[in-house]
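Asker: Below is the structure I would like to discuss, written out as structure tokens.
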Amino acid sequence: METHIFPLLALADADGLSYRGFITVKGQELPFEIQLENGKSLRNAKLNGSPELKRLLFGHEKALKQRLEQCPSLTEFFIDLKDLLERIITKEKREPMPDESYYSKLLSELDAVGWDKLESLDPSLKSLTLILNDSSSRKHKIYITLSFSYPQTPLTVHIDLPSSASKMPNPTINFNDVISFYSKIASQFSLIIYLFDSITFKFLYAQIA
């Protein structure tokens, strides 16, 4: 695959499936490595990078995967990636930095809900993922996005359940409210998920038998 548009992009293995380099965005040089599944397309390629690159791209994983599937070349993908990073950095510069109350409230909410429920926390402290165990011990991910004006601005929340149940009807700033609400929702879907799993298992068993 061609690399001429990025002179700092270099082949990293003998098979031609791994490249390393830098992408320069707004004066920042961001190291990365991209590993291809094959030399014909970018589908299923894996992009790794510096902690700063990972921080900037946190929450944009679906968009990256889509572009990797759609872009016919490394050149086109990195043009799109650079455009995305420029927009992210520009947006960050426009946003005010949080004050002390932001960090205090965030820490107190995590203390209240339990740190064992925290699966991931974006380095910017603006996005996090909580884990909810339903009555059947299935794990559900709750995605929370915070504004730097939090706690004055409510949380943005969704969960990996059917779309009709993925959003809270009322805004909240409390993580415990989020856990409580989605615990009830998860319980409602528990039987449906169990039946679906049972049907899937029986189908797979029938295919093997």
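Every chain in the structure tokens has a letter given in the order shown (A, B, ...), and although residue numbers restart at 1 in each chain, ligands are simply numbered from 1 in the order shown.
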Please report as a Markdown table every residue of range 113-185 of chain A lying within 10 Å of range 48-54 of chain A, along with the nearest atom pair and their distance in Å (one decimal), using only C-alpha atoms.
Answerer:
```
| residue | atom | partner | partner_atom | distance |
| --- | --- | --- | --- | --- |
| A:Asp122 | CA | A:Lys54 | CA | 9.0 |
| A:Pro123 | CA | A:Pro51 | CA | 8.7 |
| A:Ser124 | CA | A:Glu52 | CA | 9.8 |
```
Asker: Hey, can you spit out that residue selection with all heavy atoms as a PDB file, in the first residue's frame?
Answerer:
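Saved as selection-v9.pdb:
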```pdb
ATOM      1  N   ASP A 122     -11.637   7.806  30.491  1.00  0.00           N
ATOM      2  CA  ASP A 122     -10.847   8.523  29.502  1.00  0.00           C
ATOM      3  C   ASP A 122      -9.851   9.445  30.202  1.00  0.00           C
ATOM      4  O   ASP A 122     -10.188  10.065  31.211  1.00  0.00           O
ATOM      5  CB  ASP A 122     -11.799   9.343  28.613  1.00  0.00           C
ATOM      6  CG  ASP A 122     -11.056  10.251  27.661  1.00  0.00           C
ATOM      7  OD1 ASP A 122     -10.140   9.774  26.972  1.00  0.00           O
ATOM      8  OD2 ASP A 122     -11.383  11.442  27.616  1.00  0.00           O
ATOM      9  N   PRO A 123      -8.617   9.545  29.688  1.00  0.00           N
ATOM     10  CA  PRO A 123      -7.620  10.425  30.313  1.00  0.00           C
ATOM     11  C   PRO A 123      -8.072  11.876  30.451  1.00  0.00           C
ATOM     12  O   PRO A 123      -7.602  12.595  31.330  1.00  0.00           O
ATOM     13  CB  PRO A 123      -6.418  10.312  29.370  1.00  0.00           C
ATOM     14  CG  PRO A 123      -6.564   8.965  28.741  1.00  0.00           C
ATOM     15  CD  PRO A 123      -8.042   8.765  28.582  1.00  0.00           C
ATOM     16  N   SER A 124      -8.996  12.312  29.591  1.00  0.00           N
ATOM     17  CA  SER A 124      -9.499  13.684  29.691  1.00  0.00           C
ATOM     18  C   SER A 124     -10.491  13.838  30.838  1.00  0.00           C
ATOM     19  O   SER A 124     -10.894  14.957  31.170  1.00  0.00           O
ATOM     20  CB  SER A 124     -10.186  14.088  28.384  1.00  0.00           C
ATOM     21  OG  SER A 124     -11.409  13.379  28.214  1.00  0.00           O
TER      22      SER A 124
END
```
Asker: Would you return as a PyMOL selection string the members of range 26-60 of chain A that DSSP assigns to strand (DSSP E or B) on this structure's backbone?
Answerer: chain A and resi 28-35+46-49
Asker: Can you list, as a compact mmCIF listing (two decimals) with N, CA, C and O atoms, in the first residue's frame, every residue of chain A that DSSP puts in alpha helix (DSSP H)?
Answerer:
```txt
# COMPACT_ATOMS: atom_id res chain seq x y z
N PRO A 51 -0.15 7.65 24.06
CA PRO A 51 -1.24 7.93 25.00
C PRO A 51 -2.07 9.15 24.59
O PRO A 51 -3.29 9.16 24.77
N GLU A 52 -1.42 10.17 24.04
CA GLU A 52 -2.15 11.37 23.62
C GLU A 52 -3.07 11.06 22.44
O GLU A 52 -4.20 11.54 22.38
N LEU A 53 -2.60 10.26 21.51
CA LEU A 53 -3.44 9.88 20.37
C LEU A 53 -4.64 9.06 20.85
O LEU A 53 -5.77 9.28 20.41
N LYS A 54 -4.39 8.14 21.77
CA LYS A 54 -5.49 7.33 22.31
C LYS A 54 -6.50 8.22 23.04
O LYS A 54 -7.71 8.00 22.94
N ARG A 55 -6.00 9.20 23.77
CA ARG A 55 -6.90 10.10 24.49
C ARG A 55 -7.78 10.87 23.53
O ARG A 55 -9.00 10.99 23.72
N LEU A 56 -7.18 11.39 22.48
CA LEU A 56 -7.93 12.19 21.51
C LEU A 56 -8.99 11.36 20.80
O LEU A 56 -10.09 11.85 20.50
N LEU A 57 -8.68 10.10 20.54
CA LEU A 57 -9.58 9.26 19.76
C LEU A 57 -10.57 8.48 20.62
O LEU A 57 -11.42 7.77 20.08
N GLU A 61 -14.15 5.32 18.34
CA GLU A 61 -13.74 4.02 17.82
C GLU A 61 -14.62 3.54 16.66
O GLU A 61 -14.13 2.98 15.68
N LYS A 62 -15.92 3.77 16.77
CA LYS A 62 -16.83 3.33 15.71
C LYS A 62 -16.56 4.06 14.40
O LYS A 62 -16.58 3.46 13.31
N ALA A 63 -16.30 5.36 14.50
CA ALA A 63 -16.01 6.15 13.30
C ALA A 63 -14.71 5.68 12.65
O ALA A 63 -14.62 5.58 11.42
N LEU A 64 -13.71 5.38 13.47
CA LEU A 64 -12.43 4.89 12.94
C LEU A 64 -12.61 3.55 12.23
O LEU A 64 -12.07 3.33 11.14
N LYS A 65 -13.36 2.66 12.87
CA LYS A 65 -13.59 1.35 12.27
C LYS A 65 -14.30 1.48 10.93
O LYS A 65 -13.97 0.81 9.95
N GLN A 66 -15.27 2.39 10.89
CA GLN A 66 -16.02 2.61 9.65
C GLN A 66 -15.11 3.13 8.54
O GLN A 66 -15.19 2.68 7.40
N ARG A 67 -14.24 4.07 8.88
CA ARG A 67 -13.34 4.63 7.87
C ARG A 67 -12.32 3.60 7.40
O ARG A 67 -11.96 3.56 6.23
N LEU A 68 -11.86 2.75 8.31
CA LEU A 68 -10.93 1.69 7.91
C LEU A 68 -11.60 0.73 6.93
O LEU A 68 -10.96 0.21 6.01
N GLU A 69 -12.87 0.50 7.13
CA GLU A 69 -13.59 -0.41 6.23
C GLU A 69 -13.87 0.24 4.88
O GLU A 69 -13.95 -0.45 3.86
N GLN A 70 -14.00 1.57 4.87
CA GLN A 70 -14.40 2.26 3.65
C GLN A 70 -13.24 2.79 2.82
O GLN A 70 -13.33 2.87 1.59
N LEU A 74 -4.15 3.69 2.56
CA LEU A 74 -3.61 4.34 3.75
C LEU A 74 -3.67 5.86 3.61
O LEU A 74 -3.97 6.57 4.57
N THR A 75 -3.37 6.34 2.43
CA THR A 75 -3.38 7.79 2.19
C THR A 75 -4.73 8.39 2.54
O THR A 75 -4.82 9.37 3.30
N GLU A 76 -5.78 7.81 2.01
CA GLU A 76 -7.12 8.35 2.25
C GLU A 76 -7.50 8.23 3.72
O GLU A 76 -8.10 9.15 4.29
N PHE A 77 -7.13 7.12 4.34
CA PHE A 77 -7.46 6.94 5.76
C PHE A 77 -6.77 7.99 6.62
O PHE A 77 -7.39 8.59 7.50
N PHE A 78 -5.49 8.24 6.37
CA PHE A 78 -4.77 9.20 7.21
C PHE A 78 -5.20 10.64 6.94
O PHE A 78 -5.11 11.49 7.83
N ILE A 79 -5.67 10.91 5.75
CA ILE A 79 -6.26 12.24 5.50
C ILE A 79 -7.50 12.41 6.36
O ILE A 79 -7.71 13.45 7.00
N ASP A 80 -8.35 11.38 6.39
CA ASP A 80 -9.55 11.42 7.22
C ASP A 80 -9.19 11.49 8.71
O ASP A 80 -9.82 12.21 9.48
N LEU A 81 -8.18 10.71 9.11
CA LEU A 81 -7.77 10.69 10.51
C LEU A 81 -7.25 12.06 10.93
O LEU A 81 -7.59 12.56 12.01
N LYS A 82 -6.45 12.68 10.08
CA LYS A 82 -5.92 14.00 10.41
C LYS A 82 -7.04 15.03 10.53
O LYS A 82 -7.05 15.86 11.44
N ASP A 83 -8.02 14.94 9.64
CA ASP A 83 -9.16 15.85 9.70
C ASP A 83 -9.94 15.66 11.00
O ASP A 83 -10.33 16.64 11.65
N LEU A 84 -10.15 14.41 11.39
CA LEU A 84 -10.86 14.12 12.63
C LEU A 84 -10.10 14.67 13.84
O LEU A 84 -10.69 15.31 14.72
N LEU A 85 -8.80 14.44 13.88
CA LEU A 85 -7.99 14.91 15.00
C LEU A 85 -7.98 16.44 15.08
O LEU A 85 -8.02 17.01 16.18
N GLU A 86 -7.92 17.09 13.94
CA GLU A 86 -7.94 18.56 13.93
C GLU A 86 -9.24 19.09 14.52
O GLU A 86 -9.25 20.06 15.28
N ARG A 87 -10.35 18.44 14.16
CA ARG A 87 -11.65 18.87 14.69
C ARG A 87 -11.74 18.63 16.20
O ARG A 87 -12.30 19.45 16.93
N ILE A 88 -11.20 17.50 16.65
CA ILE A 88 -11.23 17.19 18.09
C ILE A 88 -10.40 18.20 18.87
O ILE A 88 -10.84 18.73 19.90
N ILE A 89 -9.19 18.47 18.39
CA ILE A 89 -8.30 19.41 19.09
C ILE A 89 -8.88 20.81 19.09
O ILE A 89 -8.82 21.53 20.10
N THR A 90 -9.45 21.23 17.96
CA THR A 90 -10.06 22.56 17.88
C THR A 90 -11.21 22.69 18.86
O THR A 90 -11.35 23.71 19.54
N LYS A 91 -12.02 21.65 18.97
CA LYS A 91 -13.14 21.67 19.91
C LYS A 91 -12.64 21.74 21.34
O LYS A 91 -13.20 22.47 22.16
N GLU A 92 -11.58 20.99 21.65
CA GLU A 92 -11.03 21.01 23.01
C GLU A 92 -10.53 22.40 23.39
O GLU A 92 -10.69 22.84 24.52
N LYS A 93 -9.92 23.09 22.44
CA LYS A 93 -9.38 24.41 22.73
C LYS A 93 -10.48 25.42 23.01
O LYS A 93 -10.27 26.41 23.72
N ARG A 94 -11.67 25.18 22.45
CA ARG A 94 -12.78 26.11 22.67
C ARG A 94 -13.45 25.88 24.01
O ARG A 94 -14.14 26.75 24.52
N GLU A 100 -12.40 23.16 40.20
CA GLU A 100 -12.18 22.15 41.24
C GLU A 100 -13.44 21.35 41.54
O GLU A 100 -13.37 20.15 41.85
N SER A 101 -14.60 21.99 41.42
CA SER A 101 -15.85 21.29 41.73
C SER A 101 -16.10 20.11 40.79
O SER A 101 -16.73 19.12 41.17
N TYR A 102 -15.61 20.23 39.56
CA TYR A 102 -15.77 19.14 38.58
C TYR A 102 -15.07 17.87 39.08
O TYR A 102 -15.66 16.79 39.13
N TYR A 103 -13.81 18.02 39.45
CA TYR A 103 -13.03 16.86 39.91
C TYR A 103 -13.57 16.32 41.23
O TYR A 103 -13.64 15.10 41.42
N SER A 104 -13.96 17.22 42.11
CA SER A 104 -14.49 16.79 43.41
C SER A 104 -15.78 15.99 43.23
O SER A 104 -15.96 14.94 43.86
N LYS A 105 -16.67 16.49 42.37
CA LYS A 105 -17.93 15.80 42.15
C LYS A 105 -17.71 14.45 41.47
O LYS A 105 -18.32 13.44 41.84
N LEU A 106 -16.81 14.41 40.49
CA LEU A 106 -16.53 13.16 39.78
C LEU A 106 -15.99 12.11 40.75
O LEU A 106 -16.44 10.95 40.75
N LEU A 107 -15.04 12.49 41.58
CA LEU A 107 -14.46 11.54 42.53
C LEU A 107 -15.50 11.08 43.55
O LEU A 107 -15.55 9.89 43.90
N SER A 108 -16.32 12.00 44.03
CA SER A 108 -17.33 11.63 45.02
C SER A 108 -18.37 10.68 44.42
O SER A 108 -18.85 9.76 45.10
N GLU A 109 -18.71 10.88 43.15
CA GLU A 109 -19.67 10.00 42.49
C GLU A 109 -19.09 8.60 42.30
O GLU A 109 -19.79 7.59 42.47
N LEU A 110 -17.82 8.52 41.94
CA LEU A 110 -17.18 7.22 41.78
C LEU A 110 -17.04 6.52 43.13
O LEU A 110 -17.19 5.30 43.22
N ASP A 111 -16.75 7.29 44.16
CA ASP A 111 -16.70 6.71 45.51
C ASP A 111 -18.06 6.14 45.90
O ASP A 111 -18.16 5.05 46.47
N ALA A 112 -19.11 6.88 45.57
CA ALA A 112 -20.46 6.47 45.96
C ALA A 112 -20.93 5.23 45.21
O ALA A 112 -21.55 4.33 45.79
N VAL A 113 -20.64 5.18 43.92
CA VAL A 113 -21.14 4.06 43.12
C VAL A 113 -20.25 2.83 43.25
O VAL A 113 -20.68 1.70 43.01
N PHE A 175 -24.34 9.25 39.64
CA PHE A 175 -24.06 7.92 39.08
C PHE A 175 -24.97 6.86 39.69
O PHE A 175 -25.37 5.91 39.01
N ASN A 176 -25.30 7.01 40.97
CA ASN A 176 -26.18 6.03 41.61
C ASN A 176 -27.57 6.02 40.97
O ASN A 176 -28.21 4.97 40.86
N ASP A 177 -28.04 7.20 40.54
CA ASP A 177 -29.32 7.27 39.84
C ASP A 177 -29.24 6.50 38.53
O ASP A 177 -30.20 5.82 38.13
N VAL A 178 -28.10 6.60 37.87
CA VAL A 178 -27.89 5.90 36.60
C VAL A 178 -27.93 4.39 36.83
O VAL A 178 -28.62 3.64 36.12
N ILE A 179 -27.18 3.92 37.82
CA ILE A 179 -27.14 2.49 38.13
C ILE A 179 -28.52 1.98 38.52
O ILE A 179 -28.97 0.91 38.06
N SER A 180 -29.23 2.73 39.34
CA SER A 180 -30.56 2.32 39.80
C SER A 180 -31.53 2.21 38.63
O SER A 180 -32.27 1.23 38.51
N PHE A 181 -31.52 3.21 37.75
CA PHE A 181 -32.44 3.21 36.61
C PHE A 181 -32.17 2.03 35.68
O PHE A 181 -33.08 1.29 35.30
N TYR A 182 -30.90 1.84 35.33
CA TYR A 182 -30.58 0.79 34.37
C TYR A 182 -30.63 -0.61 34.98
O TYR A 182 -30.77 -1.60 34.25
N SER A 183 -30.53 -0.72 36.29
CA SER A 183 -30.72 -2.02 36.93
C SER A 183 -32.14 -2.52 36.69
O SER A 183 -32.36 -3.70 36.40
N LYS A 184 -33.10 -1.61 36.79
CA LYS A 184 -34.50 -1.97 36.55
C LYS A 184 -34.72 -2.32 35.08
O LYS A 184 -35.42 -3.28 34.76
N ILE A 185 -34.11 -1.54 34.20
CA ILE A 185 -34.25 -1.80 32.76
C ILE A 185 -33.63 -3.15 32.40
O ILE A 185 -34.21 -3.95 31.66
N ALA A 186 -32.44 -3.41 32.94
CA ALA A 186 -31.76 -4.68 32.64
C ALA A 186 -32.57 -5.87 33.13
O ALA A 186 -32.61 -6.92 32.47
N SER A 187 -33.23 -5.71 34.27
CA SER A 187 -34.06 -6.80 34.79
C SER A 187 -35.22 -7.10 33.85
O SER A 187 -35.61 -8.26 33.67
N GLN A 188 -35.78 -6.05 33.24
CA GLN A 188 -36.89 -6.24 32.31
C GLN A 188 -36.46 -7.01 31.07
O GLN A 188 -37.23 -7.78 30.50
N PHE A 189 -35.21 -6.80 30.66
CA PHE A 189 -34.71 -7.47 29.46
C PHE A 189 -34.04 -8.81 29.77
O PHE A 189 -33.67 -9.53 28.85
N SER A 190 -33.89 -9.13 31.04
CA SER A 190 -33.15 -10.33 31.42
C SER A 190 -33.76 -11.59 30.83
O SER A 190 -33.06 -12.45 30.29
N LEU A 191 -35.09 -11.72 30.91
CA LEU A 191 -35.75 -12.91 30.39
C LEU A 191 -35.62 -12.99 28.87
O LEU A 191 -35.36 -14.07 28.31
N ILE A 192 -35.76 -11.85 28.21
CA ILE A 192 -35.65 -11.83 26.75
C ILE A 192 -34.25 -12.27 26.32
O ILE A 192 -34.08 -13.08 25.39
N ILE A 193 -33.23 -11.76 27.01
CA ILE A 193 -31.85 -12.12 26.69
C ILE A 193 -31.61 -13.60 26.95
O ILE A 193 -30.95 -14.29 26.17
N TYR A 194 -32.19 -14.10 28.05
CA TYR A 194 -32.04 -15.53 28.38
C TYR A 194 -32.65 -16.40 27.28
O TYR A 194 -32.05 -17.39 26.84
N LEU A 195 -33.86 -16.04 26.85
CA LEU A 195 -34.53 -16.82 25.80
C LEU A 195 -33.74 -16.76 24.49
O LEU A 195 -33.61 -17.77 23.80
N PHE A 196 -33.22 -15.59 24.19
CA PHE A 196 -32.43 -15.44 22.96
C PHE A 196 -31.18 -16.31 23.03
O PHE A 196 -30.83 -17.00 22.06
N ASP A 197 -30.50 -16.28 24.17
CA ASP A 197 -29.29 -17.10 24.34
C ASP A 197 -29.63 -18.59 24.22
O ASP A 197 -28.86 -19.37 23.64
N SER A 198 -30.78 -18.98 24.78
CA SER A 198 -31.18 -20.39 24.73
C SER A 198 -31.46 -20.83 23.29
O SER A 198 -31.04 -21.91 22.86
N ILE A 199 -32.15 -19.96 22.54
CA ILE A 199 -32.45 -20.28 21.14
C ILE A 199 -31.16 -20.37 20.33
O ILE A 199 -30.97 -21.28 19.52
N THR A 200 -30.25 -19.43 20.58
CA THR A 200 -28.97 -19.43 19.87
C THR A 200 -28.18 -20.70 20.17
O THR A 200 -27.60 -21.33 19.28
N PHE A 201 -28.15 -21.08 21.45
CA PHE A 201 -27.41 -22.29 21.85
C PHE A 201 -28.00 -23.53 21.18
O PHE A 201 -27.27 -24.37 20.65
N LYS A 202 -29.33 -23.64 21.19
CA LYS A 202 -29.98 -24.81 20.59
C LYS A 202 -29.72 -24.86 19.09
O LYS A 202 -29.52 -25.92 18.51
N PHE A 203 -29.72 -23.68 18.46
CA PHE A 203 -29.47 -23.64 17.02
C PHE A 203 -28.05 -24.10 16.70
O PHE A 203 -27.82 -24.90 15.80
N LEU A 204 -27.08 -23.58 17.48
CA LEU A 204 -25.69 -23.96 17.25
C LEU A 204 -25.47 -25.44 17.53
O LEU A 204 -24.72 -26.12 16.82
N TYR A 205 -26.13 -25.94 18.57
CA TYR A 205 -26.00 -27.36 18.91
C TYR A 205 -26.56 -28.23 17.79
O TYR A 205 -25.98 -29.26 17.43
N ALA A 206 -27.69 -27.79 17.22
CA ALA A 206 -28.30 -28.55 16.13
C ALA A 206 -27.41 -28.55 14.90
O ALA A 206 -27.36 -29.54 14.16
N GLN A 207 -26.68 -27.45 14.69
CA GLN A 207 -25.79 -27.36 13.54
C GLN A 207 -24.61 -28.32 13.69
O GLN A 207 -24.13 -28.90 12.71
N ILE A 208 -24.15 -28.48 14.94
CA ILE A 208 -23.00 -29.34 15.20
C ILE A 208 -23.39 -30.81 15.19
O ILE A 208 -22.67 -31.67 14.68
```
Asker: For Lys46 in chain A, find every residue with an atom within 7 Å (counting only C-alpha atoms), except residues of its own chain fewer than 6 positions away, and show them as JSON, numbers by chain.
Answerer: {"A": [34, 35, 36]}
Asker: Between A:Asn133, A:Ser120, A:Asn44, A:Ser18, which is the closest to Phe32 in chain A once you count only C-alpha atoms?
Answerer: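 Closest residue, counting only C-alpha atoms: A:Ser18.
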Asker: Provide the CA of Ser147 in chain A to CA of Lys126 in chain A distance in Å, to one decimal place.
Answerer: 6.6 Å
Asker: Counting only C-alpha atoms, which of A:Ser127, A:Asn170, A:Ser137, A:Ser73 gets nearest to Leu42 in chain A?
Answerer: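 Among the listed residues, A:Ser73 lies closest to Leu42 in chain A.
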Asker: What lies within 10 Å of Leu121 in chain A using only C-alpha atoms, ignoring chain neighbours under 5 positions off, as an MDAnalysis selection string?
Answerer: chainID A and resid 58 126:130 144
Asker: Could you check how far CA of Met97 in chain A sits from CA of Pro31 in chain A, in Å to one decimal?
Answerer: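 CA of Pro31 in chain A lies 25.7 Å from CA of Met97 in chain A.
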Asker: One decimal, Å: what's the distance from CA of Met168 in chain A over to CA of Trp115 in chain A, could you say?
Answerer: 22.0 Å
